[in-house]
Amino acid sequence: GEASYAAAERLGIPPDPARGGAASGVTYIVFKNSRVSPLESRDAAVALGGKLAEEFAAGG
C-alpha cells in the first residue's frame with residue numbers, strides 16, 4: 001500500500017511495484033493492535049512507532 005511505497009522511497013529503494021523493490025536486506029516489523037490517532041498524523045505515528053520499537057528492543 002501507500003506505506004510500502006513511501007517507506008521504499010525514504011530508504012532509497014525503487015518503489016515501482018512492477019520493477020522496484022529490493023532482493024534482500026529489508027525487514028518489516030508490525031506492532032499488532034497498535035493504532036495511531038489521528039491516523040493522518042505523521043508525528044503521532046513516529047512517536048508511537050518509536051515507543052513501540054523501544055519496548056520491543058527491551059524485550060517487552
# chains A, B, ... in the order shown; residues from 1 in each chain; ligands from 1
call {"tool": "select_by_dssp", "arguments": {"residues": "chain A", "states": "alpha helix (DSSP H)", "output": "JSON, numbers by chain"}}
result
{"A": [2, 3, 4, 5, 6, 7, 8, 9, 10, 11, 42, 43, 44, 45, 46, 47, 48, 49, 50, 51, 52, 53, 54, 55, 56, 57]}
call {"tool": "residues_around", "arguments": {"residues": "Phe56 in chain A", "least_positions_apart": "3", "cutoff": "12 Å", "atoms": "only C-alpha atoms", "output": "tab-separated table (two decimals) with N, CA and C atoms, in the first residue's frame"}}
result
chain	number	residue	atom	x	y	z
A	29	ILE	N	8.57	-4.67	10.62
A	29	ILE	CA	8.07	-5.04	11.94
A	29	ILE	C	6.71	-4.40	12.08
A	30	VAL	N	5.71	-5.23	12.39
A	30	VAL	CA	4.34	-4.75	12.55
A	30	VAL	C	3.95	-4.94	14.01
A	31	PHE	N	3.44	-3.89	14.61
A	31	PHE	CA	3.03	-3.95	16.00
A	31	PHE	C	1.54	-4.21	16.07
A	32	LYS	N	1.20	-5.45	16.40
A	32	LYS	CA	-0.19	-5.89	16.48
A	32	LYS	C	-1.00	-5.01	17.43
A	49	GLY	N	5.52	4.72	17.01
A	49	GLY	CA	6.46	3.74	16.48
A	49	GLY	C	7.75	3.69	17.29
A	50	GLY	N	8.24	4.86	17.67
A	50	GLY	CA	9.45	4.91	18.49
A	50	GLY	C	9.25	4.25	19.84
A	51	LYS	N	8.12	4.54	20.47
A	51	LYS	CA	7.80	3.95	21.78
A	51	LYS	C	7.70	2.43	21.67
A	52	LEU	N	6.97	1.94	20.67
A	52	LEU	CA	6.79	0.50	20.49
A	52	LEU	C	8.11	-0.18	20.13
A	53	ALA	N	8.94	0.46	19.35
A	53	ALA	CA	10.24	-0.10	18.98
A	53	ALA	C	11.14	-0.22	20.20
A	59	GLY	N	12.64	-6.11	25.05
A	59	GLY	CA	12.12	-7.45	25.33
A	59	GLY	C	10.67	-7.47	25.77
A	60	GLY	N	10.00	-6.32	25.65
A	60	GLY	CA	8.61	-6.25	26.11
A	60	GLY	C	7.68	-6.31	25.05
call {"tool": "atom_distance", "arguments": {"atom1": "CA of Asn33 in chain A", "atom2": "CA of Leu11 in chain A"}}
result
25.3 Å
call {"tool": "residues_around", "arguments": {"residues": "Ala23 in chain A", "least_positions_apart": "4", "cutoff": "12 Å", "atoms": "only C-alpha atoms", "output": "list in words"}}
result
Ile13, Pro14, Arg19 and Thr27 of chain A
call {"tool": "closest_residue", "arguments": {"among": "A:Ala8, A:Ala57, A:Arg35, A:Ala44", "to": "Gly20 in chain A", "atoms": "only C-alpha atoms"}}
result
A:Ala8
call {"tool": "residues_around", "arguments": {"residues": "Ser37 in chain A", "least_positions_apart": "6", "cutoff": "12 Å", "atoms": "only C-alpha atoms", "output": "list in words"}}
result
Asp43, Ala44, Ala45, Val46, Ala47 and Leu48 of chain A
call {"tool": "write_last_selection", "arguments": {"atoms": "N, CA and C atoms", "output": "PDB file, in the first residue's frame"}}
result
ATOM      1  N   ASP A  43       3.518  12.811  12.859  1.00  0.00           N
ATOM      2  CA  ASP A  43       4.185  12.979  14.149  1.00  0.00           C
ATOM      3  C   ASP A  43       3.695  11.951  15.166  1.00  0.00           C
ATOM      4  N   ALA A  44       2.378  11.704  15.189  1.00  0.00           N
ATOM      5  CA  ALA A  44       1.825  10.710  16.112  1.00  0.00           C
ATOM      6  C   ALA A  44       2.329   9.315  15.756  1.00  0.00           C
ATOM      7  N   ALA A  45       2.420   9.007  14.466  1.00  0.00           N
ATOM      8  CA  ALA A  45       2.909   7.698  14.026  1.00  0.00           C
ATOM      9  C   ALA A  45       4.372   7.503  14.411  1.00  0.00           C
ATOM     10  N   VAL A  46       5.184   8.541  14.225  1.00  0.00           N
ATOM     11  CA  VAL A  46       6.606   8.456  14.574  1.00  0.00           C
ATOM     12  C   VAL A  46       6.764   8.270  16.085  1.00  0.00           C
ATOM     13  N   ALA A  47       5.998   9.008  16.864  1.00  0.00           N
ATOM     14  CA  ALA A  47       6.086   8.907  18.320  1.00  0.00           C
ATOM     15  C   ALA A  47       5.677   7.513  18.799  1.00  0.00           C
ATOM     16  N   LEU A  48       4.564   7.009  18.309  1.00  0.00           N
ATOM     17  CA  LEU A  48       4.098   5.689  18.730  1.00  0.00           C
ATOM     18  C   LEU A  48       5.057   4.608  18.240  1.00  0.00           C
TER      19      LEU A  48
END
